[in-house]
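One file, work.txt, is given below (compact mmCIF, C-alpha atoms).
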```txt
# COMPACT_ATOMS: atom_id res chain seq x y z
CA MET H 19 -18.46 -6.51 12.09
CA VAL H 20 -17.76 -6.67 8.36
CA LYS H 21 -20.74 -6.32 6.08
CA ALA H 22 -20.61 -9.29 3.74
CA LEU H 23 -20.39 -8.69 0.02
CA ALA H 24 -22.20 -11.05 -2.28
CA ARG H 25 -19.91 -13.92 -3.20
CA ALA H 26 -21.00 -13.33 -6.77
CA THR H 27 -18.87 -10.17 -6.76
CA PRO H 28 -16.19 -11.19 -9.24
CA VAL H 29 -13.28 -9.07 -7.98
CA LEU H 30 -12.73 -7.05 -4.82
CA TYR H 31 -9.67 -4.89 -4.21
CA VAL H 32 -8.52 -4.06 -0.69
CA VAL H 33 -6.03 -1.23 -0.23
CA ALA H 34 -3.92 -1.79 2.87
CA GLY H 35 -1.12 0.33 4.27
CA GLN H 36 -0.61 3.81 5.60
CA SER H 37 -2.26 7.22 5.41
CA ASN H 38 -1.57 7.97 1.73
CA ALA H 39 -4.21 5.36 0.97
CA VAL H 40 -6.90 7.52 2.56
CA ALA H 41 -5.52 11.04 2.02
CA PRO H 42 -6.39 13.74 1.24
CA ALA H 43 -9.92 13.37 2.57
CA GLY H 44 -11.17 9.93 1.67
CA GLY H 45 -14.08 9.01 -0.57
CA ALA H 46 -13.98 10.40 -4.08
CA THR H 47 -10.60 12.07 -3.54
CA THR H 48 -8.60 8.87 -3.01
CA PHE H 49 -6.55 7.16 -5.69
CA ALA H 50 -8.56 3.99 -4.99
CA PHE H 51 -11.84 5.67 -5.92
CA LYS H 52 -10.27 7.20 -9.02
CA THR H 53 -8.90 3.80 -10.03
CA PHE H 54 -11.81 1.48 -9.37
CA ASP H 55 -14.99 3.55 -9.63
CA PRO H 56 -14.59 4.18 -13.38
CA LEU H 57 -14.07 0.43 -13.87
CA GLY H 58 -17.09 -0.53 -11.80
CA ILE H 59 -14.87 -2.60 -9.48
CA LYS H 60 -15.65 -2.87 -5.77
CA TYR H 61 -12.92 -1.82 -3.35
CA ARG H 62 -12.26 -1.21 0.32
CA ILE H 63 -9.58 0.88 2.03
CA ARG H 64 -8.19 -0.55 5.26
CA ALA H 65 -5.20 1.60 6.12
CA THR H 66 -3.92 3.41 9.18
CA GLY H 67 -1.46 6.24 9.53
CA GLY H 68 1.98 6.06 11.02
CA THR H 69 2.26 2.32 11.58
CA PRO H 70 4.95 0.28 9.80
CA TRP H 71 4.34 -3.01 8.00
CA ILE H 72 5.61 -4.96 10.96
CA SER H 73 6.24 -3.64 14.44
CA VAL H 74 8.04 -5.45 17.25
CA THR H 75 5.96 -5.44 20.40
CA SER H 76 7.59 -5.19 23.79
CA SER H 77 6.40 -8.37 25.40
CA VAL H 78 7.90 -11.33 27.19
CA LEU H 79 7.67 -13.33 23.97
CA ASP H 80 8.89 -10.40 21.82
CA LEU H 81 6.19 -11.31 19.32
CA MET H 82 6.22 -9.97 15.78
CA GLU H 83 2.87 -8.31 15.22
CA LEU H 84 1.48 -7.37 11.85
CA ALA H 85 0.40 -3.85 12.58
CA SER H 86 0.12 -1.71 9.47
CA THR H 87 -3.59 -2.20 8.99
CA PRO H 88 -6.68 -2.96 11.04
CA ASP H 89 -7.41 -6.58 11.84
CA ASP H 90 -10.32 -6.64 9.43
CA VAL H 91 -8.12 -6.71 6.32
CA ASP H 92 -8.32 -10.49 6.33
CA ASP H 93 -12.07 -10.38 6.87
CA TYR H 94 -12.35 -9.32 3.21
CA ALA H 95 -10.14 -12.11 1.87
CA THR H 96 -13.09 -14.34 1.01
CA GLN H 97 -15.74 -11.69 0.30
CA ALA H 98 -15.57 -12.07 -3.49
CA LEU H 99 -14.80 -14.70 -6.08
CA GLU H 100 -11.31 -13.19 -6.22
CA THR H 101 -9.82 -10.74 -3.76
CA ARG H 102 -6.77 -8.66 -4.55
CA LEU H 103 -4.56 -6.68 -2.20
CA ILE H 104 -2.83 -3.37 -2.90
CA LEU H 105 0.07 -2.44 -0.64
CA CYS H 106 0.32 1.33 -0.15
CA GLY H 107 2.79 2.10 2.61
CA GLY H 108 6.41 2.14 3.67
CA SER H 109 6.89 5.80 4.58
CA SER H 110 6.59 5.12 8.30
CA ASP H 111 9.01 2.21 8.01
CA VAL H 112 11.59 4.49 6.38
CA TRP H 113 10.92 7.12 9.05
CA GLU H 114 11.78 4.47 11.66
CA ASN H 115 15.12 4.06 9.86
CA ASP H 116 14.41 0.62 8.45
CA LEU H 117 16.88 -0.26 5.72
CA GLY H 118 15.44 -0.62 2.25
CA GLU H 119 15.86 -4.39 2.21
CA THR H 120 14.15 -4.61 5.60
CA VAL H 121 11.15 -2.62 4.34
CA TYR H 122 10.90 -4.96 1.36
CA GLU H 123 11.21 -8.10 3.49
CA ASN H 124 8.49 -6.84 5.84
CA MET H 125 6.21 -6.13 2.90
CA VAL H 126 6.82 -9.64 1.61
CA THR H 127 5.98 -11.11 5.02
CA TYR H 128 2.80 -9.05 5.12
CA ALA H 129 1.81 -10.07 1.59
CA GLU H 130 2.44 -13.76 2.24
CA ALA H 131 0.25 -13.66 5.35
CA ARG H 132 -2.54 -12.07 3.35
CA ARG H 133 -2.24 -14.73 0.65
CA ASP H 134 -2.56 -17.35 3.37
CA ALA H 135 -5.77 -15.61 4.43
CA GLY H 136 -7.19 -15.96 0.92
CA TYR H 137 -6.02 -13.04 -1.21
CA ALA H 138 -5.43 -14.21 -4.76
CA LYS H 139 -3.23 -11.40 -6.09
CA VAL H 140 -1.00 -8.70 -4.62
CA ILE H 141 -0.07 -5.39 -6.20
CA ALA H 142 2.72 -3.42 -4.53
CA MET H 143 3.25 0.31 -4.80
CA THR H 144 6.61 2.01 -4.46
CA ILE H 145 7.14 4.49 -1.65
CA PRO H 146 6.78 8.22 -2.42
CA PRO H 147 9.12 10.85 -0.99
CA ASN H 148 8.04 13.27 1.71
CA SER H 149 9.34 16.19 3.71
CA VAL H 150 9.99 14.10 6.84
CA ASN H 151 12.23 11.39 5.43
CA ALA H 152 15.49 13.07 4.48
CA GLY H 153 19.19 12.31 4.42
CA LEU H 154 19.86 8.61 4.98
CA GLN H 155 16.15 7.94 5.10
CA GLU H 156 15.84 9.07 1.49
CA ASN H 157 18.53 6.53 0.64
CA PHE H 158 16.54 3.87 2.50
CA ARG H 159 13.43 4.82 0.52
CA GLN H 160 15.24 4.55 -2.79
CA ASP H 161 16.77 1.21 -1.77
CA ALA H 162 13.34 -0.06 -0.71
CA ASN H 163 11.85 1.00 -4.03
CA ALA H 164 14.58 -0.80 -5.94
CA ALA H 165 13.83 -3.95 -3.94
CA ILE H 166 10.07 -3.58 -4.42
CA ILE H 167 10.51 -3.17 -8.17
CA GLY H 168 13.00 -6.04 -8.39
CA ASP H 169 10.84 -8.28 -6.14
CA ALA H 170 13.41 -11.03 -5.69
CA ALA H 171 10.94 -13.08 -3.65
CA GLY H 172 8.28 -12.96 -6.37
CA ALA H 173 5.76 -11.67 -3.84
CA TRP H 174 3.68 -9.45 -6.12
CA ASN H 175 1.64 -9.98 -9.23
CA ALA H 176 2.34 -6.40 -10.30
CA VAL H 177 4.05 -3.20 -9.16
CA ALA H 178 2.71 0.33 -9.49
CA ASN H 179 6.05 2.05 -9.93
CA LEU H 180 5.41 5.60 -8.81
CA THR H 181 9.09 6.48 -9.30
CA THR H 182 8.41 6.73 -13.04
CA SER H 183 6.53 9.98 -12.35
CA VAL H 184 8.77 13.02 -11.93
CA PHE H 185 5.74 14.78 -10.47
CA LEU H 186 5.17 12.19 -7.70
CA GLU H 187 8.89 12.02 -6.95
CA ASP H 188 8.80 15.71 -5.98
CA TRP H 189 6.95 15.99 -2.66
CA GLU H 190 6.93 19.79 -2.92
CA GLN H 191 4.73 19.47 -6.01
CA SER H 192 2.65 16.42 -5.17
CA THR H 193 1.70 16.87 -1.50
CA TYR H 194 -0.39 19.39 0.39
CA ASP H 195 1.38 19.00 3.74
CA GLY H 196 4.75 17.55 2.79
CA ILE H 197 3.53 13.99 3.29
CA HIS H 198 0.06 13.34 1.85
CA TRP H 199 -0.88 13.53 -1.84
CA HIS H 200 -3.18 16.27 -3.01
CA GLU H 201 -5.94 15.75 -5.61
CA GLU H 202 -3.78 16.14 -8.71
CA ALA H 203 -1.30 13.64 -7.31
CA THR H 204 -3.99 11.04 -6.62
CA ASP H 205 -5.03 11.39 -10.27
CA GLU H 206 -1.48 10.46 -11.26
CA VAL H 207 -1.31 7.56 -8.81
CA ALA H 208 -4.63 6.23 -10.11
CA ALA H 209 -3.38 6.34 -13.70
CA LEU H 210 -0.20 4.43 -12.83
CA LEU H 211 -2.10 1.86 -10.78
CA THR H 212 -4.79 1.35 -13.42
CA ALA H 213 -2.09 0.64 -16.01
CA VAL H 214 -0.73 -2.36 -14.07
CA LEU H 215 -3.90 -3.99 -12.75
CA PRO H 216 -3.81 -7.72 -13.52
CA PRO H 217 -6.47 -9.02 -15.93
```
Give the structure from the file, written as structure tokens.
Amino acid sequence: MVKALARATPVLYVVAGQSNAVAPAGGATTFAFKTFDPLGIKYRIRATGGTPWISVTSSVLDLMELASTPDDVDDYATQALETRLILCGGSSDVWENDLGETVYENMVTYAEARRDAGYAKVIAMTIPPNSVNAGLQENFRQDANAAIIGDAAGAWNAVANLTTSVFLEDWEQSTYDGIHWHEEATDEVAALLTAVLPP
């Protein structure tokens, strides 16, 4: 059960996506804390590791199931005067060999469904490199980032373009296990995200 926030809360951010949203250890180490706590803005992280934006379930109906985050993401859509969604994911999609345009289209589908649920604004983040996605997958990541930045569908209100940071684009420098950001990296992510937050 979701604990209700006071409707008088002016803005609430919800970070949805994959494990980089909660790494390295949650709480005060996350980029979300480092972004929103100094601003006095309420936030929630609702992300799960290893699940792509959209997964195809094996069922008789072959239903498309939104699967990247827990079901309670939409429970927060009306918990403030304005709710805003941050999309932090895509690495698992690339790992599953989704083409860049497919990753982007799935993000757009996810964002549109969240807007239908009540989210007022969407901020997308580009996909960082890691030690697992190599070869063609690195090409897919770069193609996905180009599509996310270009946003042909006009799905986002802003983009935190992590590719502008040479530091974040080097997983050997910015991660502690080849995949997840360490503390110094989350500082950098927070700075880039803070710079593009809508008014």
One number please: CA of Gly68 in chain H to CA of Asn38 in chain H, in Å, one decimal.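 Spanning CA of Gly68 in chain H to CA of Asn38 in chain H is a straight-line distance of 10.1 Å.
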Counting all atoms listed in the file, which residues of range 90-161 of chain H sit at most 9 Å from some atom of range 186-207 of chain H, and what is each one's closest atom pair with its distance in Å to one decimal, listed by chain and rising residue number, as JSON lines?
```
{"residue": "H:Ser109", "atom": "CA", "partner": "H:Ile197", "partner_atom": "CA", "distance": 8.9}
{"residue": "H:Pro146", "atom": "CA", "partner": "H:Glu187", "partner_atom": "CA", "distance": 6.3}
{"residue": "H:Pro147", "atom": "CA", "partner": "H:Trp189", "partner_atom": "CA", "distance": 5.8}
{"residue": "H:Asn148", "atom": "CA", "partner": "H:Ile197", "partner_atom": "CA", "distance": 4.8}
{"residue": "H:Ser149", "atom": "CA", "partner": "H:Gly196", "partner_atom": "CA", "distance": 4.9}
{"residue": "H:Val150", "atom": "CA", "partner": "H:Ile197", "partner_atom": "CA", "distance": 7.4}
```
For Asn157 in chain H, the nearest of the candidates H:Ile141, H:Trp113, H:Val177, H:Glu123, counting only C-alpha atoms: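 Distance minimum relative to Asn157 in chain H lands on H:Trp113.
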May I ask which of the residues H:Ala95, H:Ala152, H:Val214, H:Ala142 is the closest one to Gly168 in chain H, counting only C-alpha atoms?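 Distance minimum relative to Gly168 in chain H lands on H:Ala142.
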CA of Leu30 in chain H to CA of Val126 in chain H, distance in Å rounded to a single decimal: 20.7 Å
Between H:Ala165, H:Leu210, H:Ala170, H:Leu57, which is the closest to Thr182 in chain H once you count only C-alpha atoms?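 Between H:Ala165, H:Leu210, H:Ala170, H:Leu57, the residue approaching Thr182 in chain H most closely is H:Leu210.
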Have a look at H:Val33, H:Thr66, H:Gly107, H:Tyr122 and name the one nearest to Thr48 in chain H; count only C-alpha atoms.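 Among the listed residues, the smallest separation from Thr48 in chain H belongs to H:Val33.
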Between H:Ile72, H:Asn115, H:Ile104, H:Leu154, which has the minimum distance to Thr53 in chain H (counting all atoms listed in the file)?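 The closest residue to Thr53 in chain H is H:Ile104.
For the set H:Gly58, H:Gly35, H:Thr101, H:Ile63, the residue with the smallest atom-to-atom gap to Lys139 in chain H is H:Thr101, counting all atoms listed in the file.
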Please identify all polymer residues within 10 Å of Leu117 in chain H, counting all atoms listed in the file, omitting same-chain residues fewer than 6 positions from it, and present them as a VMD selection string. chain H and resid 111 123 154 to 155 157 to 162
Please produce an output containing C-alpha atoms for each residue in the selection, written as an mmCIF file, in the frame of the given file.
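Output (result_9.cif):
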```cif
data_model
loop_
_atom_site.group_PDB
_atom_site.id
_atom_site.type_symbol
_atom_site.label_atom_id
_atom_site.label_comp_id
_atom_site.auth_asym_id
_atom_site.auth_seq_id
_atom_site.Cartn_x
_atom_site.Cartn_y
_atom_site.Cartn_z
ATOM 1 C CA ASP H 111 9.010 2.210 8.010
ATOM 2 C CA GLU H 123 11.210 -8.100 3.490
ATOM 3 C CA LEU H 154 19.860 8.610 4.980
ATOM 4 C CA GLN H 155 16.150 7.940 5.100
ATOM 5 C CA ASN H 157 18.530 6.530 0.640
ATOM 6 C CA PHE H 158 16.540 3.870 2.500
ATOM 7 C CA ARG H 159 13.430 4.820 0.520
ATOM 8 C CA GLN H 160 15.240 4.550 -2.790
ATOM 9 C CA ASP H 161 16.770 1.210 -1.770
ATOM 10 C CA ALA H 162 13.340 -0.060 -0.710
#
```
What's the 9 Å shell around Met125 in chain H, counting all atoms listed in the file, without same-chain residues fewer than 4 positions away, as a list in words?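 Using all atoms listed in the file, the neighbours found are Trp71, Ile72, Leu105, Gly107, Gly108, Thr120, Val121, Ala129, Glu130, Ala142, Ile166 and Ala173 of chain H.
Between CA of Asn124 in chain H and CA of Ala41 in chain H there is a distance of 23.0 Å.
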